[in-house]
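Visitor: Provided below: run15.cif, containing mmCIF, C-alpha atoms and all ligand atoms.
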data_input
#
loop_
_atom_site.label_atom_id
_atom_site.label_comp_id
_atom_site.auth_asym_id
_atom_site.auth_seq_id
_atom_site.Cartn_x
_atom_site.Cartn_y
_atom_site.Cartn_z
CA MET Z 1 -18.44 13.45 -13.37
CA PHE Z 2 -16.61 16.01 -11.28
CA ASN Z 3 -14.33 18.88 -12.03
CA THR Z 4 -11.72 17.43 -9.67
CA GLU Z 5 -10.08 20.07 -7.51
CA ILE Z 6 -6.70 19.76 -5.76
CA LEU Z 7 -6.45 21.79 -2.54
CA LYS Z 8 -3.33 22.26 -0.44
CA TYR Z 9 -3.71 21.25 3.21
CA SER Z 10 -5.34 24.09 5.19
CA HIS Z 11 -8.15 24.67 7.65
CA PHE Z 12 -10.36 25.59 4.72
CA ALA Z 13 -9.43 22.42 2.81
CA ILE Z 14 -10.20 20.22 5.82
CA ASN Z 15 -13.64 21.84 6.22
CA LYS Z 16 -14.42 21.36 2.56
CA ALA Z 17 -13.25 17.72 2.62
CA ALA Z 18 -15.32 17.03 5.74
CA GLU Z 19 -18.39 18.53 4.09
CA TYR Z 20 -18.01 16.37 0.98
CA ILE Z 21 -17.58 13.26 3.10
CA LEU Z 22 -20.62 14.08 5.24
CA ASN Z 23 -22.59 14.42 2.01
CA GLY Z 24 -21.58 10.89 1.03
CA GLU Z 25 -18.87 11.84 -1.47
CA ILE Z 26 -15.43 10.23 -1.73
CA ILE Z 27 -12.30 12.34 -1.58
CA GLY Z 28 -8.59 11.68 -2.13
CA LEU Z 29 -6.35 12.43 0.83
CA PRO Z 30 -2.81 11.85 2.04
CA THR Z 31 -1.70 9.54 4.81
CA GLU Z 32 1.83 8.85 6.00
CA THR Z 33 1.80 5.62 3.93
CA VAL Z 34 0.06 6.31 0.61
CA TYR Z 35 -2.85 8.50 -0.53
CA GLY Z 36 -6.30 7.05 0.18
CA LEU Z 37 -9.85 7.34 -1.18
CA ALA Z 38 -11.93 8.12 1.88
CA GLY Z 39 -15.63 7.75 2.59
CA ARG Z 40 -17.77 7.59 5.76
CA ILE Z 41 -18.23 4.07 7.09
CA ASP Z 42 -21.87 4.53 8.09
CA ASN Z 43 -23.16 5.14 4.58
CA ILE Z 44 -23.45 2.12 2.28
CA ASP Z 45 -23.68 4.35 -0.81
CA SER Z 46 -20.31 5.92 0.04
CA ILE Z 47 -18.70 2.52 0.50
CA ASN Z 48 -20.15 1.23 -2.75
CA LYS Z 49 -18.85 4.35 -4.50
CA ILE Z 50 -15.31 3.57 -3.29
CA PHE Z 51 -15.44 0.08 -4.82
CA HIS Z 52 -16.90 1.46 -8.03
CA ILE Z 53 -14.48 4.39 -8.47
CA LYS Z 54 -11.44 2.21 -7.82
CA GLY Z 55 -12.65 -0.75 -9.87
CA ARG Z 56 -12.05 -2.87 -6.80
CA PRO Z 57 -13.12 -6.53 -6.64
CA GLN Z 58 -16.17 -6.93 -4.39
CA ASP Z 59 -14.42 -9.47 -2.16
CA ASN Z 60 -11.52 -7.24 -1.12
CA PRO Z 61 -12.39 -5.48 2.17
CA LEU Z 62 -11.45 -1.91 3.13
CA ILE Z 63 -9.33 -0.60 5.99
CA VAL Z 64 -11.19 1.56 8.52
CA HIS Z 65 -9.33 4.60 9.88
CA VAL Z 66 -10.05 5.99 13.36
CA SER Z 67 -8.67 8.88 15.41
CA ASP Z 68 -8.20 7.07 18.73
CA ILE Z 69 -8.41 3.69 20.44
CA ASP Z 70 -11.85 4.42 21.94
CA MET Z 71 -13.21 4.83 18.42
CA ALA Z 72 -11.51 1.58 17.39
CA ASN Z 73 -13.02 -0.27 20.37
CA LYS Z 74 -16.56 0.57 19.20
CA LEU Z 75 -15.90 -1.14 15.89
CA ILE Z 76 -14.76 -4.45 17.33
CA LYS Z 77 -16.40 -7.21 19.31
CA LYS Z 78 -14.32 -6.92 22.46
CA PRO Z 79 -12.20 -3.91 23.49
CA MET Z 80 -8.54 -4.29 22.55
CA ASN Z 81 -6.37 -6.01 25.12
CA GLY Z 82 -3.19 -8.03 25.53
CA ILE Z 83 -0.52 -7.95 22.87
CA LEU Z 84 -2.66 -6.21 20.25
CA GLU Z 85 -3.37 -3.34 22.63
CA LYS Z 86 0.33 -3.16 23.46
CA LEU Z 87 1.25 -2.96 19.77
CA ALA Z 88 -1.45 -0.36 19.12
CA ASN Z 89 -0.20 1.78 22.02
CA LYS Z 90 3.33 1.59 20.70
CA PHE Z 91 2.75 2.05 16.96
CA TRP Z 92 -0.46 4.11 16.63
CA PRO Z 93 -0.78 6.60 15.13
CA GLY Z 94 1.27 4.96 12.41
CA PRO Z 95 1.48 2.45 9.58
CA LEU Z 96 0.09 -0.57 11.42
CA THR Z 97 -3.30 -2.10 10.56
CA ILE Z 98 -4.81 -4.66 12.91
CA ILE Z 99 -7.44 -7.22 11.93
CA MET Z 100 -9.96 -7.94 14.69
CA ASP Z 101 -13.45 -9.39 15.09
CA LYS Z 102 -15.92 -6.71 14.06
CA SER Z 103 -18.88 -5.23 15.92
CA ASN Z 104 -22.20 -4.57 14.21
CA LEU Z 105 -21.12 -1.00 13.40
CA ILE Z 106 -19.12 -2.45 10.51
CA ASN Z 107 -21.41 -3.27 7.63
CA ASP Z 108 -20.81 -6.26 5.36
CA VAL Z 109 -19.93 -4.11 2.37
CA ILE Z 110 -16.81 -2.75 4.11
CA SER Z 111 -15.68 -6.15 5.34
CA CYS Z 112 -16.92 -8.11 2.30
CA ASN Z 113 -18.92 -10.44 4.55
CA LEU Z 114 -15.92 -11.38 6.69
CA SER Z 115 -16.43 -11.46 10.46
CA THR Z 116 -13.38 -9.24 10.92
CA VAL Z 117 -12.41 -5.62 10.27
CA ALA Z 118 -9.03 -4.02 9.52
CA ILE Z 119 -8.38 -0.89 11.63
CA ARG Z 120 -5.65 1.70 11.96
CA ILE Z 121 -4.96 5.16 13.36
CA PRO Z 122 -3.03 6.96 10.63
CA ASP Z 123 -0.27 9.43 11.40
CA SER Z 124 -1.78 11.98 9.07
CA ARG Z 125 -3.07 15.41 10.01
CA SER Z 126 -5.47 15.40 7.05
CA MET Z 127 -7.14 12.14 7.95
CA ILE Z 128 -7.13 12.68 11.73
CA ASN Z 129 -8.54 16.20 11.51
CA ILE Z 130 -11.37 15.12 9.22
CA ILE Z 131 -12.26 12.13 11.41
CA LYS Z 132 -12.26 14.32 14.52
CA LYS Z 133 -14.38 16.94 12.81
CA ILE Z 134 -17.11 14.58 11.68
CA ASN Z 135 -16.64 12.02 14.48
CA ILE Z 136 -17.14 9.17 12.02
CA PRO Z 137 -14.45 6.63 11.05
CA LEU Z 138 -13.32 6.65 7.43
CA ALA Z 139 -13.00 3.66 5.14
CA ALA Z 140 -10.11 4.20 2.75
CA PRO Z 141 -8.28 1.96 0.32
CA SER Z 142 -5.19 3.20 -1.50
CA ALA Z 143 -6.19 5.85 -4.05
CA ASN Z 144 -4.91 4.09 -7.18
CA ILE Z 145 -7.07 2.36 -9.76
CA SER Z 146 -7.24 -1.27 -8.67
CA GLY Z 147 -4.15 -3.24 -9.68
CA LYS Z 148 -2.03 -0.15 -10.44
CA PRO Z 149 0.87 1.19 -8.32
CA SER Z 150 -0.32 3.16 -5.27
CA CYS Z 151 -0.34 6.96 -5.19
CA THR Z 152 2.24 8.80 -3.13
CA SER Z 153 1.41 12.35 -4.27
CA ALA Z 154 -1.76 14.32 -5.01
CA PHE Z 155 -0.77 14.37 -8.69
CA HIS Z 156 -0.71 10.57 -8.82
CA VAL Z 157 -4.25 10.59 -7.41
CA PHE Z 158 -5.28 13.15 -10.03
CA ASP Z 159 -3.88 10.91 -12.79
CA ASP Z 160 -6.06 8.00 -11.62
CA MET Z 161 -9.12 9.77 -10.24
CA ASN Z 162 -9.63 12.91 -12.34
CA THR Z 163 -13.40 13.47 -12.85
CA LYS Z 164 -14.25 10.57 -10.51
CA ILE Z 165 -14.02 12.49 -7.22
CA PRO Z 166 -14.67 16.14 -6.34
CA LEU Z 167 -11.58 16.85 -4.23
CA ILE Z 168 -8.00 15.78 -3.58
CA LEU Z 169 -6.26 17.12 -0.48
CA ASP Z 170 -2.57 17.74 -1.15
CA ASP Z 171 -0.11 17.51 1.72
CA GLY Z 172 3.00 16.63 -0.25
CA ASN Z 173 4.69 13.29 -0.80
CA CYS Z 174 3.91 10.47 1.62
CA GLU Z 175 6.54 9.79 4.25
CA PHE Z 176 6.64 5.98 3.90
CA GLY Z 177 5.45 5.64 0.30
CA ILE Z 178 4.26 2.09 0.93
CA GLU Z 179 1.07 0.85 2.59
CA SER Z 180 0.68 -0.05 6.26
CA THR Z 181 1.77 -3.33 7.78
CA ILE Z 182 -1.26 -5.59 8.29
CA ILE Z 183 -1.28 -8.02 11.22
CA ASN Z 184 -3.67 -10.34 12.95
CA LEU Z 185 -3.54 -12.65 15.93
CA SER Z 186 -3.28 -16.22 14.73
CA GLU Z 187 -5.04 -19.14 16.43
CA ASP Z 188 -1.95 -19.98 18.44
CA ASN Z 189 -1.83 -16.39 19.74
CA ARG Z 190 1.10 -15.29 17.61
CA ILE Z 191 1.26 -12.08 15.60
CA CYS Z 192 1.04 -12.86 11.91
CA ILE Z 193 2.20 -10.29 9.33
CA LEU Z 194 -0.23 -10.51 6.41
CA ARG Z 195 1.28 -7.57 4.52
CA PRO Z 196 4.66 -6.06 5.42
CA GLY Z 197 4.84 -2.25 5.54
CA GLY Z 198 6.11 0.74 7.46
CA ILE Z 199 6.14 -1.03 10.82
CA THR Z 200 8.78 -3.66 10.17
CA LEU Z 201 9.20 -7.23 11.36
CA GLU Z 202 12.10 -5.92 13.43
CA ASP Z 203 9.88 -3.21 15.00
CA LEU Z 204 7.26 -5.79 15.98
CA TYR Z 205 9.98 -8.12 17.21
CA SER Z 206 11.14 -5.43 19.63
CA VAL Z 207 7.77 -5.76 21.38
CA THR Z 208 7.12 -9.50 21.06
CA LYS Z 209 9.15 -12.45 19.85
CA ASN Z 210 5.87 -14.17 18.93
CA VAL Z 211 5.70 -12.75 15.46
CA TYR Z 212 6.03 -14.36 12.04
CA LEU Z 213 5.58 -13.62 8.36
CA SER Z 214 2.60 -15.18 6.65
CA ASP Z 215 3.68 -17.60 3.90
CA PHE Z 216 1.98 -15.61 1.20
CA VAL Z 217 4.04 -12.45 1.80
CA LEU Z 218 6.75 -13.88 -0.44
CA ASN Z 219 5.13 -16.94 -2.06
CA LYS Z 220 2.41 -17.32 -4.60
CA ARG Z 221 1.39 -20.80 -3.52
CA LEU Z 222 -1.10 -21.13 -0.65
CA ILE Z 223 -2.89 -18.04 -1.85
CA SER Z 224 -6.14 -19.92 -2.25
CA LYS Z 225 -6.06 -20.44 1.52
CA CYS Z 226 -5.11 -16.89 2.38
CA ILE Z 227 -6.73 -14.88 5.13
CA SER Z 228 -6.23 -11.45 3.54
CA PRO Z 229 -8.24 -11.29 0.33
CA GLY Z 230 -6.06 -8.56 -1.23
CA VAL Z 231 -3.13 -10.92 -1.70
CA LYS Z 232 -5.06 -12.91 -4.31
CA TYR Z 233 -4.86 -10.14 -6.86
CA LYS Z 234 -2.08 -8.87 -9.08
CA HIS Z 235 -1.15 -5.55 -7.61
CA TYR Z 236 1.01 -2.45 -7.82
CA SER Z 237 1.67 -3.12 -11.49
CA PRO Z 238 2.63 -0.94 -14.42
CA SER Z 239 1.54 -2.33 -17.77
CA GLY Z 240 4.34 -4.41 -19.29
CA ASP Z 241 6.03 -7.50 -17.87
CA VAL Z 242 7.84 -6.96 -14.60
CA TYR Z 243 10.69 -9.28 -13.54
CA LEU Z 244 12.23 -9.32 -10.09
CA ILE Z 245 15.88 -10.29 -10.35
CA ASN Z 246 17.75 -11.51 -7.27
CA GLY Z 247 21.45 -11.04 -7.86
CA SER Z 248 24.50 -8.81 -7.65
CA ASN Z 249 25.02 -5.85 -9.95
CA TYR Z 250 27.43 -8.05 -11.93
CA SER Z 251 25.10 -11.03 -12.44
CA PHE Z 252 22.15 -8.72 -13.13
CA THR Z 253 24.12 -7.07 -15.94
CA GLU Z 254 25.23 -10.43 -17.32
CA PHE Z 255 21.65 -11.71 -17.23
CA LEU Z 256 20.34 -8.71 -19.15
CA MET Z 257 23.14 -8.91 -21.72
CA LYS Z 258 22.16 -12.49 -22.48
CA ASN Z 259 18.41 -12.11 -22.32
CA ILE Z 260 17.38 -8.70 -23.51
CA ASP Z 261 15.28 -8.58 -26.66
CA THR Z 262 15.83 -5.25 -28.38
CA SER Z 263 12.59 -5.47 -30.34
CA TYR Z 264 10.93 -4.57 -27.02
CA LYS Z 265 10.93 -1.31 -25.11
CA ASN Z 266 13.03 -2.26 -22.06
CA CYS Z 267 13.86 -0.60 -18.78
CA ALA Z 268 15.55 -1.50 -15.50
CA ILE Z 269 15.33 -0.30 -11.92
CA ILE Z 270 18.70 -0.53 -10.21
CA PHE Z 271 20.53 1.07 -7.27
CA LYS Z 272 22.51 4.27 -7.11
CA ASN Z 273 25.99 2.79 -7.40
CA ASP Z 274 25.06 0.03 -9.86
CA PHE Z 275 26.61 0.13 -13.26
CA LEU Z 276 24.67 -1.13 -16.27
CA ASN Z 277 26.48 -0.68 -19.53
CA ILE Z 278 23.90 -1.99 -21.98
CA GLU Z 279 22.31 -0.28 -24.94
CA ASN Z 280 18.58 -0.23 -25.57
CA ILE Z 281 17.55 -0.15 -21.96
CA ASP Z 282 16.38 2.87 -19.98
CA ILE Z 283 17.54 3.08 -16.41
CA PHE Z 284 15.74 4.22 -13.27
CA TYR Z 285 17.61 4.45 -9.98
CA ASN Z 286 15.99 3.71 -6.64
CA GLY Z 287 18.53 5.07 -4.16
CA ASP Z 288 21.33 3.26 -2.40
CA LEU Z 289 21.18 -0.53 -2.00
CA ASN Z 290 21.15 -0.04 1.79
CA ASP Z 291 18.74 2.91 1.95
CA TYR Z 292 15.47 0.98 2.42
CA LYS Z 293 13.54 4.06 3.53
CA PHE Z 294 14.43 5.89 0.31
CA GLN Z 295 13.44 2.84 -1.72
CA SER Z 296 10.02 2.57 -0.08
CA LYS Z 297 9.37 6.26 -0.49
CA ASN Z 298 10.15 6.18 -4.20
CA ILE Z 299 9.24 2.76 -5.59
CA PHE Z 300 5.63 3.58 -6.49
CA SER Z 301 6.43 6.87 -8.19
CA ILE Z 302 9.09 5.08 -10.29
CA LEU Z 303 6.61 2.33 -11.19
CA ARG Z 304 4.03 4.95 -12.13
CA GLU Z 305 6.52 6.79 -14.33
CA ILE Z 306 7.39 3.50 -16.02
CA ASP Z 307 3.68 2.85 -16.54
CA LYS Z 308 3.28 6.23 -18.27
CA LYS Z 309 6.16 5.47 -20.62
CA SER Z 310 4.65 2.12 -21.65
CA TYR Z 311 7.66 -0.19 -21.37
CA ASP Z 312 7.19 -3.80 -22.52
CA LYS Z 313 9.77 -5.32 -20.16
CA ILE Z 314 10.73 -3.99 -16.74
CA TYR Z 315 13.68 -5.62 -14.98
CA ILE Z 316 14.05 -4.78 -11.29
CA ARG Z 317 17.12 -5.61 -9.24
CA ALA Z 318 15.74 -6.91 -5.95
CA PRO Z 319 16.12 -4.85 -2.79
CA LYS Z 320 17.39 -6.49 0.39
CA LYS Z 321 14.65 -7.99 2.55
CA ILE Z 322 15.72 -6.04 5.62
CA GLY Z 323 13.57 -3.55 7.56
CA ILE Z 324 11.13 -1.79 5.26
CA GLY Z 325 13.15 -3.31 2.37
CA LEU Z 326 11.05 -6.45 2.92
CA ALA Z 327 7.89 -4.45 2.15
CA VAL Z 328 9.50 -3.02 -0.99
CA TYR Z 329 10.45 -6.55 -2.05
CA ASN Z 330 6.88 -7.72 -1.40
CA ARG Z 331 5.40 -4.94 -3.59
CA ILE Z 332 7.82 -5.71 -6.42
CA ILE Z 333 7.26 -9.47 -6.32
CA ARG Z 334 3.53 -8.81 -6.65
CA ALA Z 335 4.01 -6.22 -9.39
CA ALA Z 336 6.00 -8.99 -11.13
CA ASP Z 337 3.17 -11.43 -10.51
CA PHE Z 338 5.87 -13.67 -8.99
CA LYS Z 339 8.11 -13.72 -12.08
CA VAL Z 340 11.35 -14.05 -10.11
CA VAL Z 341 14.82 -14.85 -11.46
CA ASP Z 342 17.36 -16.09 -8.90
CA LEU Z 343 20.97 -15.52 -9.98
CA ASP Z 344 24.22 -16.10 -8.01
O1 LIG Z 401 -1.50 2.25 4.38
C1 LIG Z 401 -2.59 1.75 4.11
O2 LIG Z 401 -2.98 0.72 4.67
C2 LIG Z 401 -3.44 2.46 3.05
C3 LIG Z 401 -3.83 3.83 3.62
C4 LIG Z 401 -4.77 4.58 2.71
O3 LIG Z 401 -4.36 3.68 4.90
N1 LIG Z 401 -4.59 1.69 2.71
C5 LIG Z 401 -4.51 0.54 1.98
O4 LIG Z 401 -5.72 -0.01 1.66
O5 LIG Z 401 -3.45 0.05 1.63
P1 LIG Z 401 -5.92 -1.11 0.51
O6 LIG Z 401 -7.37 -1.20 0.37
O7 LIG Z 401 -5.13 -0.75 -0.66
O8 LIG Z 401 -5.38 -2.42 1.17
C6 LIG Z 401 -6.09 -3.00 2.24
C7 LIG Z 401 -5.68 -4.41 2.42
C8 LIG Z 401 -6.21 -5.34 1.34
O9 LIG Z 401 -5.17 -6.22 0.95
C9 LIG Z 401 -7.32 -6.10 2.05
O10 LIG Z 401 -7.49 -7.39 1.54
C10 LIG Z 401 -6.82 -6.11 3.48
O11 LIG Z 401 -6.25 -4.85 3.66
N2 LIG Z 401 -7.95 -6.24 4.44
C11 LIG Z 401 -8.92 -5.36 4.71
N3 LIG Z 401 -9.79 -5.85 5.61
C12 LIG Z 401 -9.36 -7.09 5.93
C13 LIG Z 401 -9.83 -8.12 6.80
N4 LIG Z 401 -10.92 -7.97 7.53
N5 LIG Z 401 -9.11 -9.27 6.86
C14 LIG Z 401 -7.98 -9.41 6.13
N6 LIG Z 401 -7.50 -8.48 5.29
C15 LIG Z 401 -8.17 -7.34 5.18
MG MG Z 402 -4.05 -0.93 -2.40
#
In structure tokens, how does this file's structure come out?

Guide:
Amino acid sequence: MFNTEILKYSHFAINKAAEYILNGEIIGLPTETVYGLAGRIDNIDSINKIFHIKGRPQDNPLIVHVSDIDMANKLIKKPMNGILEKLANKFWPGPLTIIMDKSNLINDVISCNLSTVAIRIPDSRSMINIIKKINIPLAAPSANISGKPSCTSAFHVFDDMNTKIPLILDDGNCEFGIESTIINLSEDNRICILRPGGITLEDLYSVTKNVYLSDFVLNKRLISKCISPGVKYKHYSPSGDVYLINGSNYSFTEFLMKNIDTSYKNCAIIFKNDFLNIENIDIFYNGDLNDYKFQSKNIFSILREIDKKSYDKIYIRAPKKIGIGLAVYNRIIRAADFKVVDLD
């Protein structure tokens, strides 16, 4: 049990965080995507603590964060080259995670006995300064309790991790608000998006046309065959039943009018200019229908607020699957455990 402290980003806070991590503790810290729970990769006790604190299934591997490509190259079998190196040079530091064959510096606890490791250079002064200070890569999953919406502020981390970790570094709200894009190189040498995120399909497409979305980004079926263990689990979810509704403002309203059960506590997430004239439903707005960046930045804090208010039924009007909107859609479809209603 810890008396969890929140410290604003500063030189002092970085030194303190680095000291905790060197001593094998886990701390909460911001990245440009979401807050993470960081521990040193070379200490099995630290890694086990991360799984334990988060309540994470033992077969769901962690992302390893490094400060530069040289550090990444030590963690993989062969130094980066070809298209992956090109993508890394273009998008690192940033929200792109690359799966590659691991070297023996990556222990089996981090990678859950897979032969690969997930690596990224975050665009986060907190993370980068700590890694540079201790010269050890950091394993860090998102800082939420397993299955819950991710944390995009230090206060979210406090809500989930109070007493479980000694320190949370606070550097404000995360820029992207959604986790990194995860890619790997498929057998036919194409770039496969396993999880969409801050680096969009369109961004990747600007570098190579050989890129595609894995089937399980938007579909539940095939999950037994999936390559990224995380996609097996229900994720990002408030308690209560979440429904993802594909349809216009008009059909969404009509659907709710017909289907809402007022014996439940109901809420809806809609867009700024939507109009929902129904009683017995609380409304949350997630920006303009075309403002995907706003939606990604805010979706998890809305889901967390909904979780706190204990709604039974949560109806979400689907965002467009364009740019980072695709990643928002992916998080919602998983929060809904694939309960999708197609209108229109
Ligand atoms: O933006 C992010 O990526 C954040 C910040 C903290 O960096 N981290 C994050 O970690 O989202 P986490 O643990 O919540 O999600 C990591 C995902 C999981 O779905 C996991 O299955 C997948 O990465 N993963 C990790 N190692 C893998 C591997 N070797 N092969 C395939 N998938 C892997
Ligand atoms: Mg996560």

Visitor: Just the residues within 8 Å of stretch 258-271 of chain Z, please, counting only C-alpha atoms, with nothing from its chain fewer than 3 positions along; format it as an MDAnalysis selection string.

Guide: chainID Z and resid 254:255 274 280:289 310:317

Visitor: Where does chain Z meet ligand LIG 401 (chain Z) within 7 Å, residue by residue, with the nearest atom pair and distance in Å to one decimal for each, counting all atoms listed in the file, listed by chain and rising number, as CSV?

Guide:
residue,atom,partner,partner_atom,distance
Z:Thr31,CA,Z:LIG401,C4,6.2
Z:Thr33,CA,Z:LIG401,O1,4.7
Z:Val34,CA,Z:LIG401,C3,5.5
Z:Tyr35,CA,Z:LIG401,C4,5.4
Z:Gly36,CA,Z:LIG401,C4,3.9
Z:Leu37,CA,Z:LIG401,C4,7.0
Z:Asn60,CA,Z:LIG401,O10,4.8
Z:Pro61,CA,Z:LIG401,C11,4.3
Z:Leu62,CA,Z:LIG401,C11,4.6
Z:Ile63,CA,Z:LIG401,C11,4.9
Z:Pro95,CA,Z:LIG401,O1,6.0
Z:Thr97,CA,Z:LIG401,O2,6.5
Z:Ile99,CA,Z:LIG401,N4,5.7
Z:Ser111,CA,Z:LIG401,N4,5.5
Z:Leu114,CA,Z:LIG401,N4,6.1
Z:Thr116,CA,Z:LIG401,N4,4.4
Z:Val117,CA,Z:LIG401,N4,3.9
Z:Ala118,CA,Z:LIG401,N3,4.4
Z:Pro122,CA,Z:LIG401,O3,6.7
Z:Ala140,CA,Z:LIG401,C4,5.4
Z:Pro141,CA,Z:LIG401,O6,3.3
Z:Ser142,CA,Z:LIG401,O7,4.0
Z:Ile178,CA,Z:LIG401,O1,6.7
Z:Glu179,CA,Z:LIG401,O1,3.4
Z:Ser180,CA,Z:LIG401,O1,3.7
Z:Thr181,CA,Z:LIG401,O2,7.0
Z:Ile182,CA,Z:LIG401,O11,6.8
Z:Ile227,CA,Z:LIG401,C14,5.7
Z:Ser228,CA,Z:LIG401,N6,3.7
Z:Pro229,CA,Z:LIG401,O10,4.2
Z:Gly230,CA,Z:LIG401,O9,3.3
Z:Val231,CA,Z:LIG401,O9,5.8

Visitor: Taking all atoms listed in the file into account, name the residue in Z:Glu187, Z:Glu202, Z:Glu19, Z:Glu175 that is nearest to Z:Phe294.

Guide: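 Residue with the minimum atom-to-atom distance to Z:Phe294: Z:Glu175.
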
Visitor: Extract, using only C-alpha atoms, all DNA, RNA and protein residues at most 9 Å from Z:Ile199, discarding same-chain residues fewer than 2 positions from it, and format them as number ranges by chain.

Guide: Z: 91, 94-96, 180-181, 196-197, 201-204, 323-324

Visitor: The selected residues should be written to file as a tab-separated table (two decimals), in the coordinates of the input (atoms: C-alpha atoms).

Guide:
chain	number	residue	atom	x	y	z
Z	91	PHE	CA	2.75	2.05	16.96
Z	94	GLY	CA	1.27	4.96	12.41
Z	95	PRO	CA	1.48	2.45	9.58
Z	96	LEU	CA	0.09	-0.57	11.42
Z	180	SER	CA	0.68	-0.05	6.26
Z	181	THR	CA	1.77	-3.33	7.78
Z	196	PRO	CA	4.66	-6.06	5.42
Z	197	GLY	CA	4.84	-2.25	5.54
Z	201	LEU	CA	9.20	-7.23	11.36
Z	202	GLU	CA	12.10	-5.92	13.43
Z	203	ASP	CA	9.88	-3.21	15.00
Z	204	LEU	CA	7.26	-5.79	15.98
Z	323	GLY	CA	13.57	-3.55	7.56
Z	324	ILE	CA	11.13	-1.79	5.26

Visitor: For Z:Asp70, list every protein, DNA or RNA residue within 12 Å, evaluated using all atoms listed in the file, and leave out those in the same chain fewer than 6 positions away; present the list as a list in words.

Guide: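 The residues that qualify are Ile76, Lys78, Pro79, Met80, Glu85, Ala88, Asn89, Ile121, Asn135 and Pro137 of chain Z.
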
Visitor: Neighbours of Z:Asp170 within 8 Å (only C-alpha atoms; same-chain residues fewer than 4 positions away dropped), as number ranges by chain?

Guide: Z: 6-9, 29-30, 153-154

Visitor: With distances taken over all atoms listed in the file, which of Z:Met257, Z:Val340, Z:Ala139, Z:Cys151 is nearest to ligand MG 402 (chain Z)?

Guide: Z:Cys151

Visitor: Which residue gives the smallest distance to Z:Asp101 among Z:Leu75, Z:Ile302, Z:Leu84, Z:Ile322, with all atoms listed in the file counted?

Guide: Z:Leu75

Visitor: Nearest residue to Z:Leu213 out of Z:Lys297, Z:Ile183, Z:Ser115, Z:Asn43, using only C-alpha atoms?

Guide: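 So, comparing all the options, the nearest one is Z:Ile183.
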
Visitor: Pick the closest to Z:Ile128 from Z:Leu194, Z:Ile306, Z:Val217, Z:Val66: which is it, counting only C-alpha atoms?

Guide: Z:Val66

Visitor: Quick one: of Z:His156, Z:Lys339, Z:Lys54, Z:Lys320, who's nearest to Z:Leu244, counting all atoms listed in the file?

Guide: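 The closest residue to Z:Leu244 is Z:Lys339.
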
Visitor: Take atom CA of Z:Tyr292 and atom CA of Z:Asn246 and report the distance between them in Å, one decimal.

Guide: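 Between atom CA of Z:Tyr292 and atom CA of Z:Asn246 the gap works out to 16.0 Å.
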
Visitor: Record the distance separating atom CA of Z:Gly28 and atom CA of Z:Leu169, expressed in Å with one decimal.

Guide: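 It comes out at 6.1 Å.
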
Visitor: Report, in Å with one decimal, the straight-line distance from atom CA of Z:Thr4 to atom CA of Z:Asp45.

Guide: 19.8 Å

Visitor: If we draw a sphere of 12 Å around (-4.3, 9.2, -13.6), which residues have at least one atom in it when counting only C-alpha atoms? Please report them as a list in words.

Guide: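 Residues close enough to count: Thr4, Lys54, Ala143, Asn144, Ile145, Ser146, Lys148, Pro149, Ser150, Cys151, Ser153, Ala154, Phe155, His156, Val157, Phe158, Asp159, Asp160, Met161, Asn162, Thr163, Lys164, Arg304, Glu305, Asp307 and Lys308 of chain Z.
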